[in-house]
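**Q** Structure in structure tokens, see below.
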Amino acid sequence: MAIEAAEQATDSRSAGGRVWQSGQWAQLRWSLRGVPKIAALILLIFVVVGIFGEFIAPHDPIAQHLAQRLRPPAWESGGNWSQPLGTDTLGRDVLSRVLVGARTSLLIGLVTVGFAGAVGTLIGVLAAYFGGVVDFVLMRLTDAMIALPFLVVALAMAVVFQPSISLLISILVLFGWAGYARVIRSSTFQLRNTEFVMLARISGCSHVRIIRRHILPNIASTFVVLATLQLAVVIVAEASLSFLGVGVPPPTPDWGAMLADGRQYVASAWWLAVAPGVCITAIVLSVNVLGDWLRVRLDPRFREI
């Protein structure tokens with residue numbers, strides 16, 4: 001009898017595990033319901049390319065072969081399928097540089113969104129939660145950052161400091177956190193006087209505990225949506241700075257720098273600018289579409305629009 005009881009208990013635990021797993025899969029399928037498949041597929045491809053670009057690239061992206069400079073794509077006269085998208089002005093394989101350049105753009109975008117989002121969220125939460133003088137000082141600082149001309153300051157910093165990826169990320173974070181602070185402050189204002197926050201104050205919870213346990217979890221969806229949409233903005237800003245020569249320093253492959261190199265050859269070597277331009281357009285559109293879908297999924301107010 002004891003053995004039969006043990007076997008029944010084991011079977012029930014196994015069945016419970018299967019039910020739990022099937023429930024988790026059902027929840028995941030429900031969460032992904034209506035996801036824009038084409039945008040998700042494009043973004044997934046860029047992520048995979050960004051991670052494994054160096055292994056996928058058919059050639060060394062920084063190796064120069066002047067004898068093969070400005071070779072057209074494979075489908076045009078004079079092209080070669082060993083270099084499907086042709087070569088640039090220094091004989092470097094365009095396809096390899098596009099593949100490896102995906103890592104640069106995505107890495108800078110994700111790091112910038114992470115740091116700018118953390119700083120902006122902290123400032124927005126503190127301003128709304130404490131209010132008064134704290135809110136006034138932090139919001140005037142935010143207004144000052146928004147009022148600064150982005151390109152002028154970026155060019156000035158590039159003149160003073162040596163252009164590098166760390167400098168580029170610093171510039172993007174410096175100008176990126178203000179947008180988070182504005183939106184997060186508005187969301188925190190709505191939570192500050194709610195019943196559960198007031199009860200936490202009455203029960204003697206510290207400010208840090210209230211912010212960590214009650215404020216931050218309830219603004220997480222707002223942060224995720226905002227970070228998704230800001231990722232596209234950061235990718236465009238990074239490409240713009242690299243296009244102006246104050247972004248990623250050569251010879252590191254970067255889409256913005258590739259656009260700058262190809263602008264003088266649009267009429268004779270169109271592939272130099274088209275390849276990175278298509279990549280920037282595709283990833284920005286995909287991120288924006290996914291961001292809009294995520295906003296509708298996380299905020300029911302947008303489902304009726």
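Going by the structure tokens order, chains are called A, B, ..., each with residues numbered from 1, while ligands are numbered from 1 in the order shown.
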Residues within 12 Å of Pro217 in chain A, please, as a PDB file with N, CA and C atoms, in the first residue's frame. Count only C-alpha atoms; anything in the same chain fewer than 5 positions from it doesn't count.
**A**
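Result saved to around_24.pdb:
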ATOM      1  N   VAL A 125      11.625  59.391 -10.973  1.00  0.00           N
ATOM      2  CA  VAL A 125      10.980  58.856  -9.773  1.00  0.00           C
ATOM      3  C   VAL A 125      11.235  59.759  -8.572  1.00  0.00           C
ATOM      4  N   SER A 187       4.350  59.206 -14.817  1.00  0.00           N
ATOM      5  CA  SER A 187       3.792  57.943 -14.332  1.00  0.00           C
ATOM      6  C   SER A 187       3.892  57.831 -12.820  1.00  0.00           C
ATOM      7  N   THR A 188       4.997  58.320 -12.251  1.00  0.00           N
ATOM      8  CA  THR A 188       5.168  58.243 -10.797  1.00  0.00           C
ATOM      9  C   THR A 188       4.199  59.164 -10.079  1.00  0.00           C
ATOM     10  N   LEU A 191       1.107  57.410  -9.303  1.00  0.00           N
ATOM     11  CA  LEU A 191       1.206  56.363  -8.283  1.00  0.00           C
ATOM     12  C   LEU A 191       1.448  56.911  -6.887  1.00  0.00           C
ATOM     13  N   ARG A 209      12.268  51.567   0.340  1.00  0.00           N
ATOM     14  CA  ARG A 209      11.445  50.365   0.204  1.00  0.00           C
ATOM     15  C   ARG A 209      10.181  50.649  -0.614  1.00  0.00           C
ATOM     16  N   ILE A 210       9.565  51.796  -0.398  1.00  0.00           N
ATOM     17  CA  ILE A 210       8.356  52.135  -1.156  1.00  0.00           C
ATOM     18  C   ILE A 210       8.672  52.266  -2.639  1.00  0.00           C
ATOM     19  N   ILE A 211       9.766  52.951  -2.929  1.00  0.00           N
ATOM     20  CA  ILE A 211      10.143  53.119  -4.339  1.00  0.00           C
ATOM     21  C   ILE A 211      10.492  51.779  -4.966  1.00  0.00           C
ATOM     22  N   ARG A 212      11.223  50.944  -4.239  1.00  0.00           N
ATOM     23  CA  ARG A 212      11.677  49.666  -4.795  1.00  0.00           C
ATOM     24  C   ARG A 212      10.553  48.649  -4.916  1.00  0.00           C
ATOM     25  N   THR A 222       5.894  50.956 -18.486  1.00  0.00           N
ATOM     26  CA  THR A 222       6.164  52.234 -19.148  1.00  0.00           C
ATOM     27  C   THR A 222       7.616  52.327 -19.568  1.00  0.00           C
ATOM     28  N   PHE A 223       8.519  51.890 -18.710  1.00  0.00           N
ATOM     29  CA  PHE A 223       9.944  51.932 -19.030  1.00  0.00           C
ATOM     30  C   PHE A 223      10.273  51.021 -20.210  1.00  0.00           C
ATOM     31  N   VAL A 224       9.698  49.822 -20.245  1.00  0.00           N
ATOM     32  CA  VAL A 224       9.990  48.879 -21.324  1.00  0.00           C
ATOM     33  C   VAL A 224       9.553  49.443 -22.667  1.00  0.00           C
TER      34      VAL A 224
END
**Q** Each residue of range 47-124 of chain A with at least one atom at most 8 Å from range 230-244 of chain A should appear once, together with its nearest atom pair and the corresponding distance in Å (one decimal); atoms considered: only C-alpha atoms; ordering: chain, then increasing residue number; output as JSON lines.
**A**
{"residue": "A:Ser105", "atom": "CA", "partner": "A:Ile235", "partner_atom": "CA", "distance": 6.2}
{"residue": "A:Leu106", "atom": "CA", "partner": "A:Ile235", "partner_atom": "CA", "distance": 7.4}
{"residue": "A:Ile108", "atom": "CA", "partner": "A:Glu238", "partner_atom": "CA", "distance": 7.7}
{"residue": "A:Gly109", "atom": "CA", "partner": "A:Ile235", "partner_atom": "CA", "distance": 5.6}
{"residue": "A:Leu110", "atom": "CA", "partner": "A:Leu231", "partner_atom": "CA", "distance": 6.9}
{"residue": "A:Thr112", "atom": "CA", "partner": "A:Val234", "partner_atom": "CA", "distance": 7.4}
{"residue": "A:Val113", "atom": "CA", "partner": "A:Leu231", "partner_atom": "CA", "distance": 6.3}
**Q** Please write the residues from the selection above to a file, keeping C-alpha atoms, as a PDB file, in the first residue's frame.
**A**
ATOM      1  CA  SER A 105      25.069  49.741 -33.793  1.00  0.00           C
ATOM      2  CA  LEU A 106      23.143  47.309 -31.590  1.00  0.00           C
ATOM      3  CA  ILE A 108      25.870  51.120 -28.660  1.00  0.00           C
ATOM      4  CA  GLY A 109      22.072  51.291 -28.826  1.00  0.00           C
ATOM      5  CA  LEU A 110      21.477  48.784 -26.033  1.00  0.00           C
ATOM      6  CA  THR A 112      22.914  53.732 -24.263  1.00  0.00           C
ATOM      7  CA  VAL A 113      19.285  52.774 -23.642  1.00  0.00           C
TER       8      VAL A 113
END
**Q** Report, in Å with one decimal, the straight-line distance from CA of Ala63 in chain A to CA of Leu90 in chain A.
**A**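 Distance reported for this atom pair: 8.6 Å.
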**Q** Compare A:Val48, A:Ala118, A:Ala147, A:Leu95 by their minimum atom-to-atom distance to Ala227 in chain A, counting only C-alpha atoms, and give me the closest one.
**A**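 Ranked by minimum distance to Ala227 in chain A, first place goes to A:Ala118.
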**Q** Considering only C-alpha atoms, state which residue in the set A:Cys279, A:Arg182, A:Gly114, A:Thr252 is at the smallest distance from Val49 in chain A.
**A**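 Closest candidate: A:Cys279.
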**Q** Apply DSSP to the structure's backbone, then extract all residues of range 49-160 of chain A labelled strand (DSSP E or B) and return them as a list in words.
**A**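 Going through range 49-160 of chain A, the strand (DSSP E or B) residues come out as Asn80, Gln83, Thr87 and Asp93 of chain A.
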**Q** I need the residues from that last selection saved to file as a tab-separated table (two decimals), in the first residue's frame (with N, CA and C atoms), if you can.
**A**
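Written output follows (result_15.tsv):
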chain	number	residue	atom	x	y	z
A	80	ASN	N	31.67	39.90	-58.52
A	80	ASN	CA	32.13	38.55	-58.18
A	80	ASN	C	31.31	38.06	-57.00
A	83	GLN	N	32.22	38.35	-53.35
A	83	GLN	CA	31.94	39.64	-52.69
A	83	GLN	C	30.58	40.12	-53.21
A	87	THR	N	32.82	46.04	-53.19
A	87	THR	CA	33.85	46.54	-52.27
A	87	THR	C	33.78	48.06	-52.20
A	93	ASP	N	35.44	44.38	-48.25
A	93	ASP	CA	34.18	43.74	-48.61
A	93	ASP	C	33.02	44.43	-47.91
**Q** Report as a tab-separated table the residues of range 51-154 of chain A within 9 Å of range 172-178 of chain A, each with its shortest atom pair and distance in Å (one decimal), using only C-alpha atoms, ordered by chain and increasing residue number.
**A**
residue	atom	partner	partner_atom	distance
A:Val111	CA	A:Val173	CA	8.9
A:Thr112	CA	A:Val173	CA	5.6
A:Val113	CA	A:Val173	CA	7.6
A:Gly114	CA	A:Val173	CA	8.9
A:Phe115	CA	A:Val173	CA	6.5
A:Ala116	CA	A:Trp177	CA	4.3
A:Gly117	CA	A:Trp177	CA	6.0
A:Ala118	CA	A:Trp177	CA	7.9
A:Val119	CA	A:Trp177	CA	6.0
A:Gly120	CA	A:Trp177	CA	4.3
A:Thr121	CA	A:Trp177	CA	7.9
A:Ile123	CA	A:Ala178	CA	8.8
A:Gly124	CA	A:Ala178	CA	8.8
A:Met139	CA	A:Ala178	CA	9.0
A:Leu141	CA	A:Ala178	CA	8.7
A:Thr142	CA	A:Ala178	CA	5.3
A:Asp143	CA	A:Ala178	CA	7.8
A:Met145	CA	A:Phe175	CA	6.5
A:Ile146	CA	A:Ala178	CA	6.6
A:Leu148	CA	A:Phe175	CA	8.4
A:Phe150	CA	A:Phe175	CA	7.1
A:Ala154	CA	A:Leu172	CA	8.9
**Q** Keeping only N, CA and C atoms, write the selected residues to a file as a PDB file, in the first residue's frame.
**A**
ATOM      1  N   VAL A 111      23.458  49.606 -24.876  1.00  0.00           N
ATOM      2  CA  VAL A 111      24.166  50.189 -23.720  1.00  0.00           C
ATOM      3  C   VAL A 111      23.642  51.587 -23.424  1.00  0.00           C
ATOM      4  N   THR A 112      23.426  52.375 -24.460  1.00  0.00           N
ATOM      5  CA  THR A 112      22.914  53.732 -24.263  1.00  0.00           C
ATOM      6  C   THR A 112      21.526  53.716 -23.653  1.00  0.00           C
ATOM      7  N   VAL A 113      20.647  52.871 -24.183  1.00  0.00           N
ATOM      8  CA  VAL A 113      19.285  52.774 -23.642  1.00  0.00           C
ATOM      9  C   VAL A 113      19.319  52.328 -22.180  1.00  0.00           C
ATOM     10  N   GLY A 114      20.209  51.390 -21.849  1.00  0.00           N
ATOM     11  CA  GLY A 114      20.304  50.925 -20.474  1.00  0.00           C
ATOM     12  C   GLY A 114      20.744  52.015 -19.515  1.00  0.00           C
ATOM     13  N   PHE A 115      21.831  52.708 -19.833  1.00  0.00           N
ATOM     14  CA  PHE A 115      22.345  53.746 -18.940  1.00  0.00           C
ATOM     15  C   PHE A 115      21.419  54.963 -18.902  1.00  0.00           C
ATOM     16  N   ALA A 116      20.995  55.434 -20.073  1.00  0.00           N
ATOM     17  CA  ALA A 116      20.104  56.593 -20.117  1.00  0.00           C
ATOM     18  C   ALA A 116      18.784  56.287 -19.426  1.00  0.00           C
ATOM     19  N   GLY A 117      18.259  55.080 -19.633  1.00  0.00           N
ATOM     20  CA  GLY A 117      17.012  54.696 -18.976  1.00  0.00           C
ATOM     21  C   GLY A 117      17.151  54.641 -17.476  1.00  0.00           C
ATOM     22  N   ALA A 118      18.269  54.111 -16.981  1.00  0.00           N
ATOM     23  CA  ALA A 118      18.473  54.033 -15.533  1.00  0.00           C
ATOM     24  C   ALA A 118      18.574  55.427 -14.911  1.00  0.00           C
ATOM     25  N   VAL A 119      19.362  56.303 -15.529  1.00  0.00           N
ATOM     26  CA  VAL A 119      19.518  57.661 -15.004  1.00  0.00           C
ATOM     27  C   VAL A 119      18.200  58.425 -15.074  1.00  0.00           C
ATOM     28  N   GLY A 120      17.539  58.371 -16.229  1.00  0.00           N
ATOM     29  CA  GLY A 120      16.281  59.096 -16.386  1.00  0.00           C
ATOM     30  C   GLY A 120      15.190  58.581 -15.469  1.00  0.00           C
ATOM     31  N   THR A 121      15.117  57.262 -15.278  1.00  0.00           N
ATOM     32  CA  THR A 121      14.115  56.696 -14.374  1.00  0.00           C
ATOM     33  C   THR A 121      14.363  57.136 -12.943  1.00  0.00           C
ATOM     34  N   ILE A 123      15.917  59.849 -11.851  1.00  0.00           N
ATOM     35  CA  ILE A 123      15.605  61.269 -11.706  1.00  0.00           C
ATOM     36  C   ILE A 123      14.093  61.499 -11.745  1.00  0.00           C
ATOM     37  N   GLY A 124      13.396  60.830 -12.661  1.00  0.00           N
ATOM     38  CA  GLY A 124      11.954  61.005 -12.756  1.00  0.00           C
ATOM     39  C   GLY A 124      11.218  60.531 -11.518  1.00  0.00           C
ATOM     40  N   MET A 139      13.720  68.865 -12.461  1.00  0.00           N
ATOM     41  CA  MET A 139      13.036  69.155 -13.712  1.00  0.00           C
ATOM     42  C   MET A 139      13.662  70.330 -14.462  1.00  0.00           C
ATOM     43  N   LEU A 141      16.826  70.930 -14.383  1.00  0.00           N
ATOM     44  CA  LEU A 141      18.001  70.299 -14.978  1.00  0.00           C
ATOM     45  C   LEU A 141      17.610  69.527 -16.236  1.00  0.00           C
ATOM     46  N   THR A 142      16.488  68.858 -16.176  1.00  0.00           N
ATOM     47  CA  THR A 142      15.987  68.134 -17.350  1.00  0.00           C
ATOM     48  C   THR A 142      15.667  69.093 -18.490  1.00  0.00           C
ATOM     49  N   ASP A 143      15.029  70.198 -18.179  1.00  0.00           N
ATOM     50  CA  ASP A 143      14.720  71.199 -19.205  1.00  0.00           C
ATOM     51  C   ASP A 143      15.990  71.751 -19.837  1.00  0.00           C
ATOM     52  N   MET A 145      18.846  70.186 -20.201  1.00  0.00           N
ATOM     53  CA  MET A 145      19.419  69.185 -21.098  1.00  0.00           C
ATOM     54  C   MET A 145      18.637  69.105 -22.405  1.00  0.00           C
ATOM     55  N   ILE A 146      17.316  69.222 -22.325  1.00  0.00           N
ATOM     56  CA  ILE A 146      16.504  69.178 -23.541  1.00  0.00           C
ATOM     57  C   ILE A 146      16.775  70.391 -24.424  1.00  0.00           C
ATOM     58  N   LEU A 148      19.610  72.005 -24.790  1.00  0.00           N
ATOM     59  CA  LEU A 148      20.938  72.035 -25.397  1.00  0.00           C
ATOM     60  C   LEU A 148      20.891  71.508 -26.829  1.00  0.00           C
ATOM     61  N   PHE A 150      21.907  69.323 -29.624  1.00  0.00           N
ATOM     62  CA  PHE A 150      22.574  68.019 -29.590  1.00  0.00           C
ATOM     63  C   PHE A 150      23.815  67.992 -30.473  1.00  0.00           C
ATOM     64  N   ALA A 154      27.788  67.781 -29.344  1.00  0.00           N
ATOM     65  CA  ALA A 154      28.503  66.573 -29.753  1.00  0.00           C
ATOM     66  C   ALA A 154      29.756  66.912 -30.563  1.00  0.00           C
TER      67      ALA A 154
END
**Q** Which is closest to Ala257 in chain A among A:Leu229, A:Val183, A:Leu272, A:Ala39, if we use only C-alpha atoms?
**A**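 Closest to Ala257 in chain A of all the choices is A:Leu272.
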**Q** Mind listing the helix (DSSP H, G or I) residues of range 72-301 of chain A, per DSSP on the backbone, as an MDAnalysis selection string?
**A** chainID A and resid 94:130 132:147 150:160 165:192 195:202 207:243 255:265 271:298 300:301
